[in-house]
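Let me begin by presenting the structure, written as structure tokens, before commenting on it.
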Amino acid sequence: MITNYMRYLSLFFTLLVNILVARSQQLTVNTPDSTALYPKQYGTFENYAFILNGTRINMHELLNYPETRLGRVFDHNSGIYSQYQGVVYLHTPWYPPSPADQHADDPAYFINNIQVSPYAIRSSIVEQYTAIKRSEQDTLIDGILYQGSIHVDTDEDFFASRMTIPEVVKKYTGLPLKDVIVHWRSSHWDASNPGVIIQDHFPLYYINPKGLQEVKVDRIRFAEGERYFVHLVDQGYRYSNFTEKGWRRPQKNLMVFDEPMAFDPTAPCYMADFDMAGKDIRHRAQREPEPSLGESAYLKKLSTNMDLPTEKPGTKMTPDSITVQFIVLHNGGITGLESISPQKPAHVKILQAIKQHSCVWSAALENRNTLFFKRKMVIFYSKDKKGDIRSLDSLAYRYDDHIF
């Protein structure tokens, strides 16, 4: 009797341990940061409407249409197919394709000499750029003809915190990339922001895994064979980036890349023709504009741009200064830069460097509202006997009571 009771207890505890282990494994699989592969089960676009060449079809009919290409996927729908969870649009070679990706005509982008997608460049931190170079020469890369190229050098360790789509697919699904189509979108979906369909050139797309909210897989069978459709719902898609202070929308990216072939690379966030007539310009605020990485880092950027020595000169220098003023706009760009010190030849380089690093300024805030703000500052520097600037030493802000 006792023996049977002990066997019963042993069996009960074994069963309990197995249940706990299974539940632990399930929790691990559903954790985005886990190295365990998921999902283990694949959907088949249940309750989606399939539209081929403008006509509704059943999904299994795709077997009758060779060379069918997937166009767009809407995971929600409020139109004539509102009874469905979403809509899948497809086309054959003889039918006009779905609208091209919104950045299809963008130039080729490079961050620290590594090519990235238009979405990746828009998630980089403009405030940490050290240089931007642009070429208008057409560039053919991996079968794609780009209308020009933009190269960005940055202090941001962009690639350290991000994964390419091949890495994401391998980690979270384990599927062979040749059989995969990716739908990358934000959780805040709307008709104007349905996400992007990625069917090739996967390594150009970089995703911060901290922003991944969902990874889901649907299977779809074409005439040429089965493909896996990987949904990536990512808080970092499109213009957001993750910082230690949380998610934010970098307005500077919109200034620079809204028209990527039109901005001035030598002054990317400087608005030369901004009309300030009739604007309310403040000269004090609850939170006043300042360089995003601090004053020391800002002076270092200016020094690098001016090709100043990295070490203090050994000979005796003469201290001097320049006072400048400019308007910081609502989005952190600047305009109206001018020197209000007696003009000296060496000052030209300082003004050029300030324009080059015009993206570093934060916007002025008053009760959580952005303001137009007049920033007046003095930059103290050391010069040699020839009058050439040898080092930028410090800066200080100045205020007055009149609007210029």
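Labels used: A, B, ... for chains in the order of the structure tokens, numbers from 1 for residues in each chain, and numbers from 1 for ligands as shown.
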| query | If we count only C-alpha atoms, what is near A:Pro265 at a cut-off of 6 Å, once residues fewer than 2 positions away on the same chain are taken out, given as a list in words? | reply |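 Skipping anything fewer than 2 positions along the chain leaves Ile132, Ala267 and Pro268 of chain A.
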| task | Could you tell me, as a ChimeraX atom specification, which residues of stretch 97-333 of chain A DSSP assigns to strand (DSSP E) when given the backbone? | result | /A:108-111,114-116,129-135,139-141,144-146,149-154,163-164,180-185,196-198,206-207,212-222,225-234,241-243,246-248,281-282,318-328
| Can you list, as a PyMOL selection string, every protein, DNA or RNA residue that comes within 12 Å of A:Ala396 when you count only C-alpha atoms, leaving out same-chain residues fewer than 3 positions away? | chain A and resi 290+295-296+299+321-325+375-381+393+399
Quick one: write out the picked residues with N, CA and C atoms as an mmCIF file, in the first residue's frame?
```
data_model
loop_
_atom_site.group_PDB
_atom_site.id
_atom_site.type_symbol
_atom_site.label_atom_id
_atom_site.label_comp_id
_atom_site.auth_asym_id
_atom_site.auth_seq_id
_atom_site.Cartn_x
_atom_site.Cartn_y
_atom_site.Cartn_z
ATOM 1 N N GLU A 290 20.476 73.359 -26.464
ATOM 2 C CA GLU A 290 21.852 73.016 -26.129
ATOM 3 C C GLU A 290 22.308 71.890 -27.034
ATOM 4 N N GLU A 295 28.507 70.328 -24.364
ATOM 5 C CA GLU A 295 29.324 71.395 -24.953
ATOM 6 C C GLU A 295 30.721 70.931 -25.343
ATOM 7 N N SER A 296 31.322 70.054 -24.527
ATOM 8 C CA SER A 296 32.673 69.569 -24.859
ATOM 9 C C SER A 296 32.675 68.791 -26.165
ATOM 10 N N LEU A 299 32.247 71.248 -29.104
ATOM 11 C CA LEU A 299 33.488 71.939 -29.458
ATOM 12 C C LEU A 299 34.461 70.994 -30.164
ATOM 13 N N SER A 321 38.070 85.461 -28.770
ATOM 14 C CA SER A 321 36.717 84.913 -28.764
ATOM 15 C C SER A 321 35.929 85.453 -29.949
ATOM 16 N N ILE A 322 34.817 84.776 -30.232
ATOM 17 C CA ILE A 322 33.865 85.224 -31.229
ATOM 18 C C ILE A 322 32.479 85.075 -30.631
ATOM 19 N N THR A 323 31.633 86.071 -30.833
ATOM 20 C CA THR A 323 30.246 86.003 -30.377
ATOM 21 C C THR A 323 29.349 85.843 -31.594
ATOM 22 N N VAL A 324 28.515 84.804 -31.549
ATOM 23 C CA VAL A 324 27.608 84.525 -32.656
ATOM 24 C C VAL A 324 26.180 84.466 -32.137
ATOM 25 N N GLN A 325 25.235 84.601 -33.048
ATOM 26 C CA GLN A 325 23.843 84.405 -32.680
ATOM 27 C C GLN A 325 23.101 83.758 -33.840
ATOM 28 N N ARG A 375 19.576 82.008 -29.843
ATOM 29 C CA ARG A 375 20.730 81.515 -29.092
ATOM 30 C C ARG A 375 21.926 82.401 -29.392
ATOM 31 N N LYS A 376 22.411 83.093 -28.371
ATOM 32 C CA LYS A 376 23.626 83.896 -28.507
ATOM 33 C C LYS A 376 24.710 83.221 -27.683
ATOM 34 N N MET A 377 25.886 83.022 -28.268
ATOM 35 C CA MET A 377 26.947 82.352 -27.512
ATOM 36 C C MET A 377 28.312 82.896 -27.908
ATOM 37 N N VAL A 378 29.207 82.765 -26.958
ATOM 38 C CA VAL A 378 30.594 83.171 -27.150
ATOM 39 C C VAL A 378 31.449 81.910 -27.192
ATOM 40 N N ILE A 379 32.277 81.792 -28.210
ATOM 41 C CA ILE A 379 33.237 80.688 -28.290
ATOM 42 C C ILE A 379 34.627 81.265 -28.029
ATOM 43 N N PHE A 380 35.262 80.771 -26.977
ATOM 44 C CA PHE A 380 36.608 81.219 -26.610
ATOM 45 C C PHE A 380 37.630 80.293 -27.266
ATOM 46 N N TYR A 381 38.645 80.886 -27.856
ATOM 47 C CA TYR A 381 39.652 80.088 -28.557
ATOM 48 C C TYR A 381 41.042 80.669 -28.321
ATOM 49 N N ASP A 393 38.419 76.470 -26.865
ATOM 50 C CA ASP A 393 38.626 76.170 -25.447
ATOM 51 C C ASP A 393 37.331 76.023 -24.648
ATOM 52 N N TYR A 399 22.760 86.675 -23.129
ATOM 53 C CA TYR A 399 21.352 87.022 -23.300
ATOM 54 C C TYR A 399 21.237 88.536 -23.409
#
```
| request: Have a look at atom CA of A:Ile181 and atom CA of A:Val230 and let me know their distance in Å, one decimal. | output: 6.1 Å
| message | From the options A:Leu70, A:Gly195, A:Ser117, A:Leu204, which residue's atoms come nearest to A:Pro96, counting only C-alpha atoms? | response |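 When distances to A:Pro96 are compared using only C-alpha atoms, the smallest one comes from A:Leu70.
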| task | Check the smallest atom-to-atom distance from each of A:Thr318, A:Glu136, A:Val348, A:Leu337 to A:Lys385 using only C-alpha atoms, then report the winner. | result |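 Among A:Thr318, A:Glu136, A:Val348, A:Leu337, it is A:Thr318 that comes nearest to A:Lys385.
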| said: Just to confirm, what's the straight-line distance from atom CA of A:Asn64 to atom CA of A:Lys216 in Å (one decimal)? | reply: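 Distance between the two atoms: 26.7 Å.
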| query | Using only C-alpha atoms, which of A:Ile150, A:Ala100, A:Ala223, A:Ile198 sits nearest A:Met59? | reply |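 Smallest distance to A:Met59 is found for A:Ala223.
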Report as an mmCIF file with C-alpha atoms, in the first residue's frame all protein, DNA and RNA residues lying within 8 Å of A:Ala353, evaluated on only C-alpha atoms, omitting residues in the same chain fewer than 3 positions from it.
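Everything below was put into part05.cif:
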```
data_model
loop_
_atom_site.group_PDB
_atom_site.id
_atom_site.type_symbol
_atom_site.label_atom_id
_atom_site.label_comp_id
_atom_site.auth_asym_id
_atom_site.auth_seq_id
_atom_site.Cartn_x
_atom_site.Cartn_y
_atom_site.Cartn_z
ATOM 1 C CA LEU A 302 33.758 72.014 -34.477
ATOM 2 C CA ASN A 305 35.678 70.192 -38.848
ATOM 3 C CA MET A 306 38.208 73.037 -38.707
ATOM 4 C CA LYS A 349 35.977 78.681 -40.422
ATOM 5 C CA ILE A 350 34.085 78.832 -37.117
ATOM 6 C CA GLN A 356 28.139 71.925 -40.693
ATOM 7 C CA HIS A 357 27.049 70.766 -37.241
#
```
| message | For a quick check of understanding, using only C-alpha atoms, which of A:Met163, A:Ala363, A:Ile389, A:Ala262 has the smallest distance to A:Asn208? | response |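 The answer is A:Met163, which sits nearest to A:Asn208.
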| message | I need the residues of stretch 34-267 of chain A that end up classed as alpha helix (DSSP H) by DSSP on the backbone, written out as a list in words. | response |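 DSSP on the backbone gives alpha helix (DSSP H) at Pro118, Tyr119, Ala120, Ile121, Ile165, Pro166, Glu167, Val168, Val169, Lys170, Lys171, Tyr172, Gln251, Lys252, Asn253, Leu254, Met255, Val256 and Phe257 of chain A.
The space between atom CA of A:Gly54 and atom CA of A:Thr92 spans 10.7 Å.
Shortest separation to A:Arg134 among A:Leu175, A:Val233, A:Met261, A:Leu212 occurs at residue A:Met261, atoms counted being only C-alpha atoms.
Distances from A:Lys178, A:His231, A:His201, A:Arg69 to A:Phe45 were compared using only C-alpha atoms, and the smallest one belongs to A:His231.
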